[in-house]
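What follows is one structure encoded as structure tokens, with my remarks underneath.
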Amino acid sequence: MAVKFLINSLNGGGAETLNLQLASELDNAPVILLENIVDYPTENAQIIHLQKGKPNRGVGRYLEVIYQAKALKNTVEPDDHLVVSLFRSFLVVWFATVFFGLRATYDCWVHNDTLRYTRKPGVAFLYRKIFSRARAVIVNSEKASIDLSQHGLATAEKVVVRYNFFDTARVVAAAATMPAPHTALGDRPYIVSLGRLHPGKHHDFTIRLFKRIKGSYPELGLLIIGEGEQRAELEELIVQEGLGPDVKLHGFEDNPYPLLKKALLLIS
């Protein structure tokens, strides 16, 4: 049995980092991408693209699921085992199994807030269908396990808790490889938040919380490291809250650890 990973893309994010790291540990296992977006160094990785050309960034992404499901069926072998991350990749492997006869087994690796899966009946229905065909549903906390089983999205026997892993030695070495890059905050002290600019990361909450403490710490800045679809919305919020000089959206950083090392604290 060959293990292969399936994920939407290698856009900057935690799930993407974990997939690359685990694939590397498993003798450079292949990583299959729905979209040709790669923000990380992949010289030593085995990357398989299901789709060439410019990715569709709108609702049309979901219209491509059928094409990607067929391409996946033609890419993997019947005795392969897929470790699948993120919702669209879940959809693709499920479509490939139900409509195109994919015989490879798969695990669903869940990286985000599982409680939100239950808020929309249609989405919850899809998750139940997808998880019912998975060999296992891997979550990173006991709370996520309880959420899925209590709301009937997956049986307790199928849900497996595996905490996120950290290569501490690699992180320490990466933090020491270079001085902290320019942050647009100058030499002032700052706190840092790290994550994609996506509603699920709640950066808007962090910005509003920062404003509440700003009066007590006038020299303090907030640095948000990450990129994503919510950039324009967050830029507008920063202006509305009068925090233009104090809050900076740094963008994606391949090695954020020097910035984290210099920060007073990390908001997670």
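Here's how to read the names in the structure tokens: chain A, B, ... by the order shown, residue numbers from 1 in each chain, ligand numbers from 1 in the order shown.
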Can you tell me, as an NGL selection string, which residues in stretch 11-85 of chain A count as alpha helix (DSSP H) by DSSP? :A and (14-25 or 65-73)
Please identify which residues in stretch 75-267 of chain A DSSP calls strand (DSSP E) from the backbone, and express them as an MDAnalysis selection string. chainID A and resid 81:85 105:109 136:139 159:161 190:194 221:225 247:251 266:267
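Residues in contact range of A:Thr105, defined as at most 7 Å between only C-alpha atoms, with sequence neighbours fewer than 3 positions away removed, read A:Asp80, A:His81, A:Leu82, A:Arg135.
Shortest atom-to-atom contact with A:Ser145 among A:Leu259, A:Leu126, A:Leu115, A:Val172: A:Leu115, counting only C-alpha atoms.
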Quick one: residues within 9 Å of A:Val83, only C-alpha atoms, excluding same-chain residues fewer than 6 positions away - as an mmCIF file with all heavy atoms, in the first residue's frame?
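What follows is the written file selection_5.cif:
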```cif
data_model
loop_
_atom_site.group_PDB
_atom_site.id
_atom_site.type_symbol
_atom_site.label_atom_id
_atom_site.label_comp_id
_atom_site.auth_asym_id
_atom_site.auth_seq_id
_atom_site.Cartn_x
_atom_site.Cartn_y
_atom_site.Cartn_z
ATOM 1 N N VAL A 3 1.032 5.320 0.459
ATOM 2 C CA VAL A 3 0.317 6.464 1.029
ATOM 3 C C VAL A 3 0.544 7.681 0.152
ATOM 4 O O VAL A 3 1.683 7.985 -0.233
ATOM 5 C CB VAL A 3 0.791 6.752 2.466
ATOM 6 C CG1 VAL A 3 0.121 8.022 3.005
ATOM 7 C CG2 VAL A 3 0.490 5.569 3.376
ATOM 8 N N LYS A 4 -0.537 8.376 -0.178
ATOM 9 C CA LYS A 4 -0.467 9.621 -0.930
ATOM 10 C C LYS A 4 -1.336 10.661 -0.234
ATOM 11 O O LYS A 4 -2.341 10.310 0.393
ATOM 12 C CB LYS A 4 -0.929 9.413 -2.379
ATOM 13 C CG LYS A 4 -0.031 8.464 -3.169
ATOM 14 C CD LYS A 4 -0.539 8.211 -4.579
ATOM 15 C CE LYS A 4 0.401 7.261 -5.319
ATOM 16 N NZ LYS A 4 -0.087 6.923 -6.674
ATOM 17 N N PHE A 5 -0.952 11.912 -0.364
ATOM 18 C CA PHE A 5 -1.683 13.005 0.269
ATOM 19 C C PHE A 5 -2.461 13.782 -0.788
ATOM 20 O O PHE A 5 -1.971 13.979 -1.906
ATOM 21 C CB PHE A 5 -0.712 13.937 1.004
ATOM 22 C CG PHE A 5 -0.055 13.298 2.187
ATOM 23 C CD1 PHE A 5 1.036 12.451 2.026
ATOM 24 C CD2 PHE A 5 -0.539 13.518 3.471
ATOM 25 C CE1 PHE A 5 1.633 11.832 3.118
ATOM 26 C CE2 PHE A 5 0.052 12.902 4.567
ATOM 27 C CZ PHE A 5 1.144 12.067 4.390
ATOM 28 N N LEU A 6 -3.654 14.220 -0.424
ATOM 29 C CA LEU A 6 -4.494 15.028 -1.320
ATOM 30 C C LEU A 6 -4.932 16.278 -0.578
ATOM 31 O O LEU A 6 -5.488 16.197 0.516
ATOM 32 C CB LEU A 6 -5.724 14.230 -1.771
ATOM 33 C CG LEU A 6 -6.744 14.990 -2.638
ATOM 34 C CD1 LEU A 6 -6.149 15.346 -3.998
ATOM 35 C CD2 LEU A 6 -8.016 14.158 -2.820
ATOM 36 N N ILE A 7 -4.676 17.449 -1.197
ATOM 37 C CA ILE A 7 -5.036 18.725 -0.585
ATOM 38 C C ILE A 7 -5.333 19.728 -1.690
ATOM 39 O O ILE A 7 -4.881 19.546 -2.832
ATOM 40 C CB ILE A 7 -3.915 19.217 0.352
ATOM 41 C CG1 ILE A 7 -4.380 20.401 1.208
ATOM 42 C CG2 ILE A 7 -2.643 19.541 -0.418
ATOM 43 C CD1 ILE A 7 -3.427 20.751 2.345
ATOM 44 N N ASN A 19 0.957 18.781 5.785
ATOM 45 C CA ASN A 19 0.971 17.783 4.714
ATOM 46 C C ASN A 19 2.364 17.599 4.142
ATOM 47 O O ASN A 19 2.828 16.467 3.944
ATOM 48 C CB ASN A 19 -0.006 18.188 3.608
ATOM 49 C CG ASN A 19 -1.402 17.671 3.827
ATOM 50 O OD1 ASN A 19 -1.833 16.701 3.210
ATOM 51 N ND2 ASN A 19 -2.140 18.309 4.728
ATOM 52 N N THR A 105 -8.508 3.542 -0.651
ATOM 53 C CA THR A 105 -9.105 3.945 0.615
ATOM 54 C C THR A 105 -8.634 5.352 0.971
ATOM 55 O O THR A 105 -7.654 5.851 0.417
ATOM 56 C CB THR A 105 -8.707 2.974 1.737
ATOM 57 O OG1 THR A 105 -7.278 2.887 1.801
ATOM 58 C CG2 THR A 105 -9.287 1.587 1.457
ATOM 59 N N TYR A 106 -9.351 5.992 1.888
ATOM 60 C CA TYR A 106 -8.931 7.328 2.269
ATOM 61 C C TYR A 106 -9.284 7.635 3.722
ATOM 62 O O TYR A 106 -10.239 7.105 4.273
ATOM 63 C CB TYR A 106 -9.531 8.399 1.349
ATOM 64 C CG TYR A 106 -11.031 8.593 1.418
ATOM 65 C CD1 TYR A 106 -11.611 9.493 2.318
ATOM 66 C CD2 TYR A 106 -11.891 7.912 0.539
ATOM 67 C CE1 TYR A 106 -12.982 9.700 2.362
ATOM 68 C CE2 TYR A 106 -13.267 8.114 0.573
ATOM 69 C CZ TYR A 106 -13.806 9.007 1.483
ATOM 70 O OH TYR A 106 -15.155 9.216 1.523
ATOM 71 N N ASP A 107 -8.438 8.489 4.334
ATOM 72 C CA ASP A 107 -8.714 9.097 5.632
ATOM 73 C C ASP A 107 -8.991 10.573 5.407
ATOM 74 O O ASP A 107 -8.351 11.204 4.555
ATOM 75 C CB ASP A 107 -7.511 8.983 6.578
ATOM 76 C CG ASP A 107 -7.210 7.554 6.987
ATOM 77 O OD1 ASP A 107 -8.113 6.706 6.894
ATOM 78 O OD2 ASP A 107 -6.059 7.295 7.396
ATOM 79 N N CYS A 108 -9.892 11.164 6.172
ATOM 80 C CA CYS A 108 -10.133 12.603 6.145
ATOM 81 C C CYS A 108 -9.384 13.237 7.314
ATOM 82 O O CYS A 108 -9.649 12.913 8.475
ATOM 83 C CB CYS A 108 -11.635 12.902 6.259
ATOM 84 S SG CYS A 108 -12.577 12.441 4.793
ATOM 85 N N TRP A 109 -8.444 14.116 6.989
ATOM 86 C CA TRP A 109 -7.634 14.796 8.012
ATOM 87 C C TRP A 109 -8.216 16.184 8.215
ATOM 88 O O TRP A 109 -8.133 17.047 7.348
ATOM 89 C CB TRP A 109 -6.189 14.864 7.532
ATOM 90 C CG TRP A 109 -5.188 15.297 8.570
ATOM 91 C CD1 TRP A 109 -5.412 15.588 9.876
ATOM 92 C CD2 TRP A 109 -3.777 15.485 8.348
ATOM 93 N NE1 TRP A 109 -4.245 15.949 10.491
ATOM 94 C CE2 TRP A 109 -3.224 15.899 9.587
ATOM 95 C CE3 TRP A 109 -2.947 15.354 7.241
ATOM 96 C CZ2 TRP A 109 -1.863 16.172 9.730
ATOM 97 C CZ3 TRP A 109 -1.595 15.631 7.388
ATOM 98 C CH2 TRP A 109 -1.063 16.020 8.615
#
```
Residue nearest A:Gln46 - candidates A:Asn28, A:Thr168, A:Gln68, A:Thr155, atoms counted: only C-alpha atoms: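 Checking each of A:Asn28, A:Thr168, A:Gln68, A:Thr155 against A:Gln46, counting only C-alpha atoms, the winner is A:Asn28.
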Residue contacts of A:Ser89 (9 Å, only C-alpha atoms) excluding same-chain residues fewer than 5 positions away, as a VMD selection string: chain A and resid 6 to 8 33 to 34 65 84 94
Which of A:Val239, A:Leu209, A:Leu197, A:Ile191 sits closest to A:Lys262 [using only C-alpha atoms]: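 Result for the nearest residue to A:Lys262: A:Ile191.
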With only C-alpha atoms as the counted atoms, please give the residues lying no more than 12 Å from A:Thr17, apart from itself and same-chain residues fewer than 4 positions off, as JSON, numbers by chain. {"A": [7, 9, 10, 11, 12, 13, 21, 22, 23, 24, 31, 38, 39, 40, 41, 42, 85, 111, 164, 165, 166, 167, 195, 254, 255]}
Could you write out that same residue set with N, CA and C atoms as a PDB file, in the first residue's frame?
```pdb
ATOM      1  N   ILE A   7      -4.676  17.449  -1.197  1.00  0.00           N
ATOM      2  CA  ILE A   7      -5.036  18.725  -0.585  1.00  0.00           C
ATOM      3  C   ILE A   7      -5.333  19.728  -1.690  1.00  0.00           C
ATOM      4  N   SER A   9      -4.311  22.797  -2.380  1.00  0.00           N
ATOM      5  CA  SER A   9      -3.140  23.448  -2.962  1.00  0.00           C
ATOM      6  C   SER A   9      -2.066  23.506  -1.894  1.00  0.00           C
ATOM      7  N   LEU A  10      -0.943  24.134  -2.227  1.00  0.00           N
ATOM      8  CA  LEU A  10       0.085  24.434  -1.231  1.00  0.00           C
ATOM      9  C   LEU A  10       0.135  25.931  -0.995  1.00  0.00           C
ATOM     10  N   ASN A  11      -1.052  26.533  -0.957  1.00  0.00           N
ATOM     11  CA  ASN A  11      -1.184  27.924  -0.536  1.00  0.00           C
ATOM     12  C   ASN A  11      -0.716  28.026   0.917  1.00  0.00           C
ATOM     13  N   GLY A  12      -0.206  29.203   1.311  1.00  0.00           N
ATOM     14  CA  GLY A  12       0.333  29.339   2.650  1.00  0.00           C
ATOM     15  C   GLY A  12      -0.689  29.026   3.725  1.00  0.00           C
ATOM     16  N   GLY A  13      -0.411  28.046   4.579  1.00  0.00           N
ATOM     17  CA  GLY A  13      -1.334  27.692   5.640  1.00  0.00           C
ATOM     18  C   GLY A  13      -0.827  26.528   6.465  1.00  0.00           C
ATOM     19  N   GLN A  21       5.261  18.297   5.582  1.00  0.00           N
ATOM     20  CA  GLN A  21       6.166  17.728   6.575  1.00  0.00           C
ATOM     21  C   GLN A  21       5.933  16.231   6.754  1.00  0.00           C
ATOM     22  N   LEU A  22       4.667  15.825   6.839  1.00  0.00           N
ATOM     23  CA  LEU A  22       4.376  14.407   7.041  1.00  0.00           C
ATOM     24  C   LEU A  22       4.732  13.598   5.798  1.00  0.00           C
ATOM     25  N   ALA A  23       4.468  14.145   4.613  1.00  0.00           N
ATOM     26  CA  ALA A  23       4.855  13.453   3.377  1.00  0.00           C
ATOM     27  C   ALA A  23       6.361  13.245   3.329  1.00  0.00           C
ATOM     28  N   SER A  24       7.120  14.245   3.780  1.00  0.00           N
ATOM     29  CA  SER A  24       8.576  14.119   3.817  1.00  0.00           C
ATOM     30  C   SER A  24       9.009  13.013   4.764  1.00  0.00           C
ATOM     31  N   VAL A  31       2.344  14.208  -2.944  1.00  0.00           N
ATOM     32  CA  VAL A  31       1.306  15.159  -2.523  1.00  0.00           C
ATOM     33  C   VAL A  31       0.553  15.584  -3.773  1.00  0.00           C
ATOM     34  N   VAL A  38       1.499  26.950  -5.325  1.00  0.00           N
ATOM     35  CA  VAL A  38       2.569  26.435  -4.473  1.00  0.00           C
ATOM     36  C   VAL A  38       3.329  27.614  -3.879  1.00  0.00           C
ATOM     37  N   ASP A  39       3.201  27.814  -2.579  1.00  0.00           N
ATOM     38  CA  ASP A  39       3.883  28.907  -1.890  1.00  0.00           C
ATOM     39  C   ASP A  39       5.099  28.428  -1.095  1.00  0.00           C
ATOM     40  N   TYR A  40       5.365  27.134  -1.096  1.00  0.00           N
ATOM     41  CA  TYR A  40       6.458  26.581  -0.300  1.00  0.00           C
ATOM     42  C   TYR A  40       7.529  25.979  -1.207  1.00  0.00           C
ATOM     43  N   PRO A  41       8.766  25.920  -0.730  1.00  0.00           N
ATOM     44  CA  PRO A  41       9.803  25.221  -1.492  1.00  0.00           C
ATOM     45  C   PRO A  41       9.451  23.743  -1.633  1.00  0.00           C
ATOM     46  N   THR A  42       9.485  23.237  -2.854  1.00  0.00           N
ATOM     47  CA  THR A  42       9.104  21.834  -3.085  1.00  0.00           C
ATOM     48  C   THR A  42      10.160  21.077  -3.893  1.00  0.00           C
ATOM     49  N   SER A  85      -7.048  16.329   2.981  1.00  0.00           N
ATOM     50  CA  SER A  85      -7.240  17.515   3.819  1.00  0.00           C
ATOM     51  C   SER A  85      -8.092  18.553   3.097  1.00  0.00           C
ATOM     52  N   HIS A 111      -8.519  19.827   9.939  1.00  0.00           N
ATOM     53  CA  HIS A 111      -7.571  20.782  10.516  1.00  0.00           C
ATOM     54  C   HIS A 111      -8.247  21.991  11.160  1.00  0.00           C
ATOM     55  N   ASN A 164      -1.461  17.968  16.379  1.00  0.00           N
ATOM     56  CA  ASN A 164      -0.506  18.541  15.431  1.00  0.00           C
ATOM     57  C   ASN A 164       0.912  18.359  15.956  1.00  0.00           C
ATOM     58  N   PHE A 165       1.819  18.084  15.051  1.00  0.00           N
ATOM     59  CA  PHE A 165       3.196  17.804  15.448  1.00  0.00           C
ATOM     60  C   PHE A 165       4.091  18.990  15.103  1.00  0.00           C
ATOM     61  N   PHE A 166       5.146  19.157  15.885  1.00  0.00           N
ATOM     62  CA  PHE A 166       6.085  20.259  15.686  1.00  0.00           C
ATOM     63  C   PHE A 166       7.506  19.714  15.788  1.00  0.00           C
ATOM     64  N   ASP A 167       8.303  20.002  14.783  1.00  0.00           N
ATOM     65  CA  ASP A 167       9.721  19.659  14.804  1.00  0.00           C
ATOM     66  C   ASP A 167      10.445  20.812  15.492  1.00  0.00           C
ATOM     67  N   GLY A 195      -1.594  33.300  10.490  1.00  0.00           N
ATOM     68  CA  GLY A 195      -2.636  32.476   9.878  1.00  0.00           C
ATOM     69  C   GLY A 195      -3.182  33.108   8.609  1.00  0.00           C
ATOM     70  N   ASP A 254       7.494  32.695   4.136  1.00  0.00           N
ATOM     71  CA  ASP A 254       7.915  31.293   4.077  1.00  0.00           C
ATOM     72  C   ASP A 254       8.560  30.857   5.385  1.00  0.00           C
ATOM     73  N   ASN A 255       9.332  31.733   5.992  1.00  0.00           N
ATOM     74  CA  ASN A 255       9.950  31.443   7.286  1.00  0.00           C
ATOM     75  C   ASN A 255       9.532  32.523   8.282  1.00  0.00           C
TER      76      ASN A 255
END
```
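Near A:Arg231, within a cut-off of 10 Å and counting only C-alpha atoms, sit the residues Arg196, Leu197, His198, Gly226, Glu227, Gly228, Glu229, Glu233, Leu234, Glu235, Glu236, Leu237, Leu249 and Gly251 of chain A, with same-chain residues fewer than 2 positions away left out.
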If you keep N, CA and C atoms, can you produce a file of those selected residues as a tab-separated table (two decimals), in the first residue's frame?
```tsv
chain	number	residue	atom	x	y	z
A	196	ARG	N	-3.80	32.29	7.77
A	196	ARG	CA	-4.40	32.78	6.53
A	196	ARG	C	-5.41	33.88	6.82
A	197	LEU	N	-5.52	34.82	5.91
A	197	LEU	CA	-6.52	35.88	6.04
A	197	LEU	C	-7.86	35.32	5.56
A	198	HIS	N	-8.47	34.59	6.45
A	198	HIS	CA	-9.70	33.84	6.16
A	198	HIS	C	-10.64	34.02	7.35
A	226	GLY	N	0.35	36.39	7.11
A	226	GLY	CA	-0.51	35.50	6.33
A	226	GLY	C	-1.12	36.25	5.17
A	227	GLU	N	-1.67	35.50	4.24
A	227	GLU	CA	-2.30	36.09	3.07
A	227	GLU	C	-3.60	35.36	2.80
A	228	GLY	N	-4.53	36.03	2.11
A	228	GLY	CA	-5.77	35.34	1.81
A	228	GLY	C	-6.87	36.27	1.34
A	229	GLU	N	-8.04	35.70	1.19
A	229	GLU	CA	-9.17	36.36	0.55
A	229	GLU	C	-9.74	37.52	1.36
A	233	GLU	N	-10.93	43.31	3.24
A	233	GLU	CA	-11.87	43.51	4.35
A	233	GLU	C	-11.13	43.90	5.63
A	234	LEU	N	-10.00	43.24	5.89
A	234	LEU	CA	-9.24	43.54	7.10
A	234	LEU	C	-8.55	44.90	6.99
A	235	GLU	N	-8.06	45.24	5.80
A	235	GLU	CA	-7.46	46.57	5.61
A	235	GLU	C	-8.49	47.67	5.90
A	236	GLU	N	-9.72	47.44	5.45
A	236	GLU	CA	-10.78	48.42	5.71
A	236	GLU	C	-11.09	48.50	7.20
A	237	LEU	N	-11.11	47.37	7.87
A	237	LEU	CA	-11.38	47.35	9.31
A	237	LEU	C	-10.29	48.10	10.08
A	249	LEU	N	-0.57	44.18	8.04
A	249	LEU	CA	-0.74	42.88	7.39
A	249	LEU	C	0.56	42.58	6.64
A	251	GLY	N	1.61	39.85	5.16
A	251	GLY	CA	1.58	38.96	4.01
A	251	GLY	C	2.17	37.60	4.35
```
Minimum-distance residue to A:Pro258, chosen among A:Lys70, A:Val192, A:Ala124, A:His202 (using only C-alpha atoms):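 Result for the nearest residue to A:Pro258: A:Val192.
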Taking only C-alpha atoms into account, which of A:Leu91, A:Ile225, A:Ile267, A:Ala156 comes nearest A:Phe205? A:Ile267
Between atom CA of A:Phe131 and atom CA of A:Val159, what is the distance in Å, rounded to a tenth? 9.5 Å
Pick from A:Ala263, A:Ala134, A:Ile238, A:Ala174 nearest to A:Arg188, counting only C-alpha atoms: A:Ala263
